[in-house]
Amino acid sequence: MKHMNKPVILTGLRANNNLHIGNYLGALLPIIDMARKRAGEYQVNLFVPDLHSFTTPIDHSALQAAIMQNLRVFVAAGLPLDNPDVHVYRQSYIPSHSELTWILDCFTGMGEMNRMTQFKDKAGKSQEQVSVGLFNYPVLMAADILLHRASYVPVGEDQTQHLEFTRDIAERLNNRFGELFVVPKPVQEQHKFFGKDQGLRIRDLQEPSKKMSKSEDSRRGIIYLTDTPGQAHKKIMSAETDSLGKVAYDAGTQPGISNLLTLLALISGRTLDDVQNEYEGRTQYGPLKTALADTMAEFLQDFQDKLAKVDEKSILNKLSVSEKQMNEQAGQVLLSVQKAVGLRE
Ligand code: ADP
Ligand code: TRP
């Protein structure tokens, strides 16, 4: 198949809640930039990991709508649906993902999964019974990546450990059974590819020691892509800062201010250096907040105008083409694994 020759860039965004600006900047924007600027050189896979959406409890009657909303957000963010190298799909429509997960499970140590900080965090916070699905989550994520031979996987900093596990399990099976999988590039090399020196971690506006997360309910600290420009403006103006009284980029001592500088750079498409040059050393936090609040409000207005115009029919058409192609592509990789472990002749 011709699309199997190009290096693959792949990422997924779960449909467990409204997407926020951290999801957009950490995962969505990098892949969409690649799809637009380097079209032709890469295969770009952007999918909804719907099976991952209920590793922690959700309202299942809202899942279909949430999946469609994520897909609409992909398009509003600029994903070119008419590009034949771009593939958009739902994980559960490609049953190979679940099948490979089971096989990989049997080569994964309990200790490896127990070490995953996201699992420890989420299991620690959960009021309800912690599911085996939550424990197993990184293995399904590894299957998502390996079945499509992805080299580059744009994700936020919180997913780094899962990417490292994906590389480990791919190398483990390759060493044992021969070259079954394309091993994703080392994480540091991936950051360089996406023009960064480290993984992105946008912080909660109210509690800047924590990452902005849609799994949290500190609504005032999170800028959702569906917030009205006015709501977002207010949230930024009342963001938690510090009492040092001097703008400086230092995530250790001034996490709130550093977060505002990072957001301003990313949303306005400027470099962090440029934004730092403008604001560092100032003794008032107000001008930085106002600049970010205005820029964010404008960004959201534009984004939501685009969101309102998204044509669901074109999404459904793209899904049916991509899901057929991806079933074929993933099916070939799964078959080679099934043969390697003795399930097929
Ligand atoms: P959440 O933690 O908000 O529930 P997910 O775990 O579904 O979000 O993450 C979807 C994608 O967005 C992942 O690639 C994740 O790394 C990225 N992401 C989530 N939160 C942030 C953040 N605060 N900053 C940067 N990237 C983030
Ligand atoms: N684990 C990712 C998250 O919570 C979502 C995800 C599932 C993913 N499978 C993936 C991301 C494969 C990248 C590649 O955000």
# chains A, B, ... in the order shown; residues from 1 in each chain; ligands from 1

call {"tool": "closest_atom_pairs", "arguments": {"of": "chain A", "to": "ligand 2", "cutoff": "9 Å", "atoms": "only C-alpha atoms and all ligand atoms", "output": "tab-separated table"}}
result
residue	atom	partner	partner_atom_place_in_ligand_line	distance
A:Leu10	CA	ligand 2	14 (C)	6.2
A:Thr11	CA	ligand 2	13 (C)	3.9
A:Gly12	CA	ligand 2	11 (C)	4.2
A:Leu13	CA	ligand 2	5 (C)	5.0
A:Arg14	CA	ligand 2	5 (C)	5.5
A:Asn23	CA	ligand 2	15 (O)	7.9
A:Ala27	CA	ligand 2	11 (C)	8.1
A:Leu46	CA	ligand 2	14 (C)	8.8
A:Phe47	CA	ligand 2	10 (C)	8.2
A:Val48	CA	ligand 2	7 (C)	7.7
A:Pro49	CA	ligand 2	7 (C)	5.2
A:Asp50	CA	ligand 2	7 (C)	8.5
A:Leu51	CA	ligand 2	7 (C)	8.6
A:His52	CA	ligand 2	7 (C)	6.3
A:Ser53	CA	ligand 2	4 (O)	8.5
A:Gln91	CA	ligand 2	9 (N)	8.4
A:Tyr137	CA	ligand 2	1 (N)	7.3
A:Pro138	CA	ligand 2	1 (N)	6.9
A:Leu140	CA	ligand 2	9 (N)	6.8
A:Met141	CA	ligand 2	9 (N)	3.9
A:Ala142	CA	ligand 2	12 (C)	6.7
A:Ala143	CA	ligand 2	12 (C)	7.9
A:Asp144	CA	ligand 2	12 (C)	5.1
A:Ile145	CA	ligand 2	12 (C)	5.4
A:Ala150	CA	ligand 2	14 (C)	8.9
A:Val153	CA	ligand 2	13 (C)	5.8
A:Pro154	CA	ligand 2	13 (C)	6.9
A:Val155	CA	ligand 2	13 (C)	6.1
A:Gly156	CA	ligand 2	15 (O)	7.6
A:Asp158	CA	ligand 2	15 (O)	8.2
A:Gln159	CA	ligand 2	1 (N)	6.5
A:His162	CA	ligand 2	1 (N)	7.6
A:Leu163	CA	ligand 2	14 (C)	8.1

call {"tool": "select_by_dssp", "arguments": {"residues": "segment 80-209 of chain A", "states": "strand (DSSP E)", "output": "list in words"}}
result
Val86, His87, Val88, Tyr89, Arg90, Ala150, Ser151 and Tyr152 of chain A

call {"tool": "residues_around", "arguments": {"residues": "Gly245 of chain A", "least_positions_apart": "3", "cutoff": "12 Å", "atoms": "only C-alpha atoms", "output": "ChimeraX atom specification"}}
result
/A:241-242,248,254,257,280-286

call {"tool": "closest_residue", "arguments": {"among": "A:Pro7, A:Gly133, A:Pro84, A:Pro95", "to": "Thr56 of chain A", "atoms": "only C-alpha atoms"}}
result
A:Gly133

call {"tool": "closest_residue", "arguments": {"among": "A:Val132, A:Asn17, A:Gln127, A:Leu100", "to": "Ala66 of chain A", "atoms": "only C-alpha atoms"}}
result
A:Asn17

call {"tool": "select_by_dssp", "arguments": {"residues": "segment 109-295 of chain A", "states": "alpha helix (DSSP H)", "output": "MDAnalysis selection string"}}
result
chainID A and resid 110:114 117:125 132:146 160:177 187:193 229:237 255:268 272:279 286:295

call {"tool": "atom_distance", "arguments": {"atom1": "atom 7 (O, counted along the ligand's line) of ligand 1", "atom2": "atom CA of Leu288 of chain A"}}
result
28.6 Å

call {"tool": "atom_distance", "arguments": {"atom1": "atom CA of Gln231 of chain A", "atom2": "atom CA of Ser213 of chain A"}}
result
17.6 Å

call {"tool": "atom_distance", "arguments": {"atom1": "atom 21 (C, counted along the ligand's line) of ligand 1", "atom2": "atom CA of Ile223 of chain A"}}
result
11.3 Å

call {"tool": "residues_around", "arguments": {"residues": "Asn45 of chain A", "least_positions_apart": "6", "cutoff": "12 Å", "atoms": "only C-alpha atoms", "output": "PyMOL selection string"}}
result
chain A and resi 3-4+6-13+28+31-32+34-35+74+79-81+83-91+144-145+147-154+319+322-323+325-326+329

call {"tool": "closest_residue", "arguments": {"among": "A:Leu292, A:Leu104, A:Met212, A:Leu316", "to": "ligand 1", "atoms": "only C-alpha atoms and all ligand atoms"}}
result
A:Met212

call {"tool": "closest_residue", "arguments": {"among": "A:Asn16, A:Thr55, A:Asn136, A:Gln276", "to": "ligand 1", "atoms": "only C-alpha atoms and all ligand atoms"}}
result
A:Asn16

call {"tool": "residues_around", "arguments": {"residues": "Tyr224 of chain A", "least_positions_apart": "2", "cutoff": "6 Å", "atoms": "only C-alpha atoms", "output": "list in words"}}
result
Leu19, His20, Thr226 and Asp227 of chain A

call {"tool": "closest_residue", "arguments": {"among": "A:Ile222, A:Ala232, A:Leu71, A:Ala340", "to": "Lys210 of chain A", "atoms": "only C-alpha atoms"}}
result
A:Ile222

call {"tool": "closest_residue", "arguments": {"among": "A:Val247, A:Asp105, A:Phe135, A:Ile236", "to": "Phe119 of chain A", "atoms": "only C-alpha atoms"}}
result
A:Phe135

call {"tool": "residues_around", "arguments": {"residues": "Ala297 of chain A", "least_positions_apart": "3", "cutoff": "6 Å", "atoms": "only C-alpha atoms", "output": "PDB file with N, CA and C atoms, in the first residue's frame"}}
result
ATOM      1  N   PRO A 229     -15.800  33.765  24.626  1.00  0.00           N
ATOM      2  CA  PRO A 229     -14.629  34.635  24.770  1.00  0.00           C
ATOM      3  C   PRO A 229     -14.682  35.412  26.086  1.00  0.00           C
ATOM      4  N   ASP A 294      -7.083  39.126  26.024  1.00  0.00           N
ATOM      5  CA  ASP A 294      -7.584  39.633  24.736  1.00  0.00           C
ATOM      6  C   ASP A 294      -7.253  38.672  23.593  1.00  0.00           C
ATOM      7  N   LEU A 300     -10.631  32.335  20.551  1.00  0.00           N
ATOM      8  CA  LEU A 300     -11.819  31.503  20.759  1.00  0.00           C
ATOM      9  C   LEU A 300     -12.961  31.929  19.846  1.00  0.00           C
TER      10      LEU A 300
END

call {"tool": "residues_around", "arguments": {"residues": "Ser314 of chain A", "least_positions_apart": "3", "cutoff": "10 Å", "atoms": "only C-alpha atoms", "output": "list of chain:residue names"}}
result
A:Val75, A:Leu81, A:Asp82, A:Val310, A:Asp311, A:Asn317, A:Lys318, A:Leu319
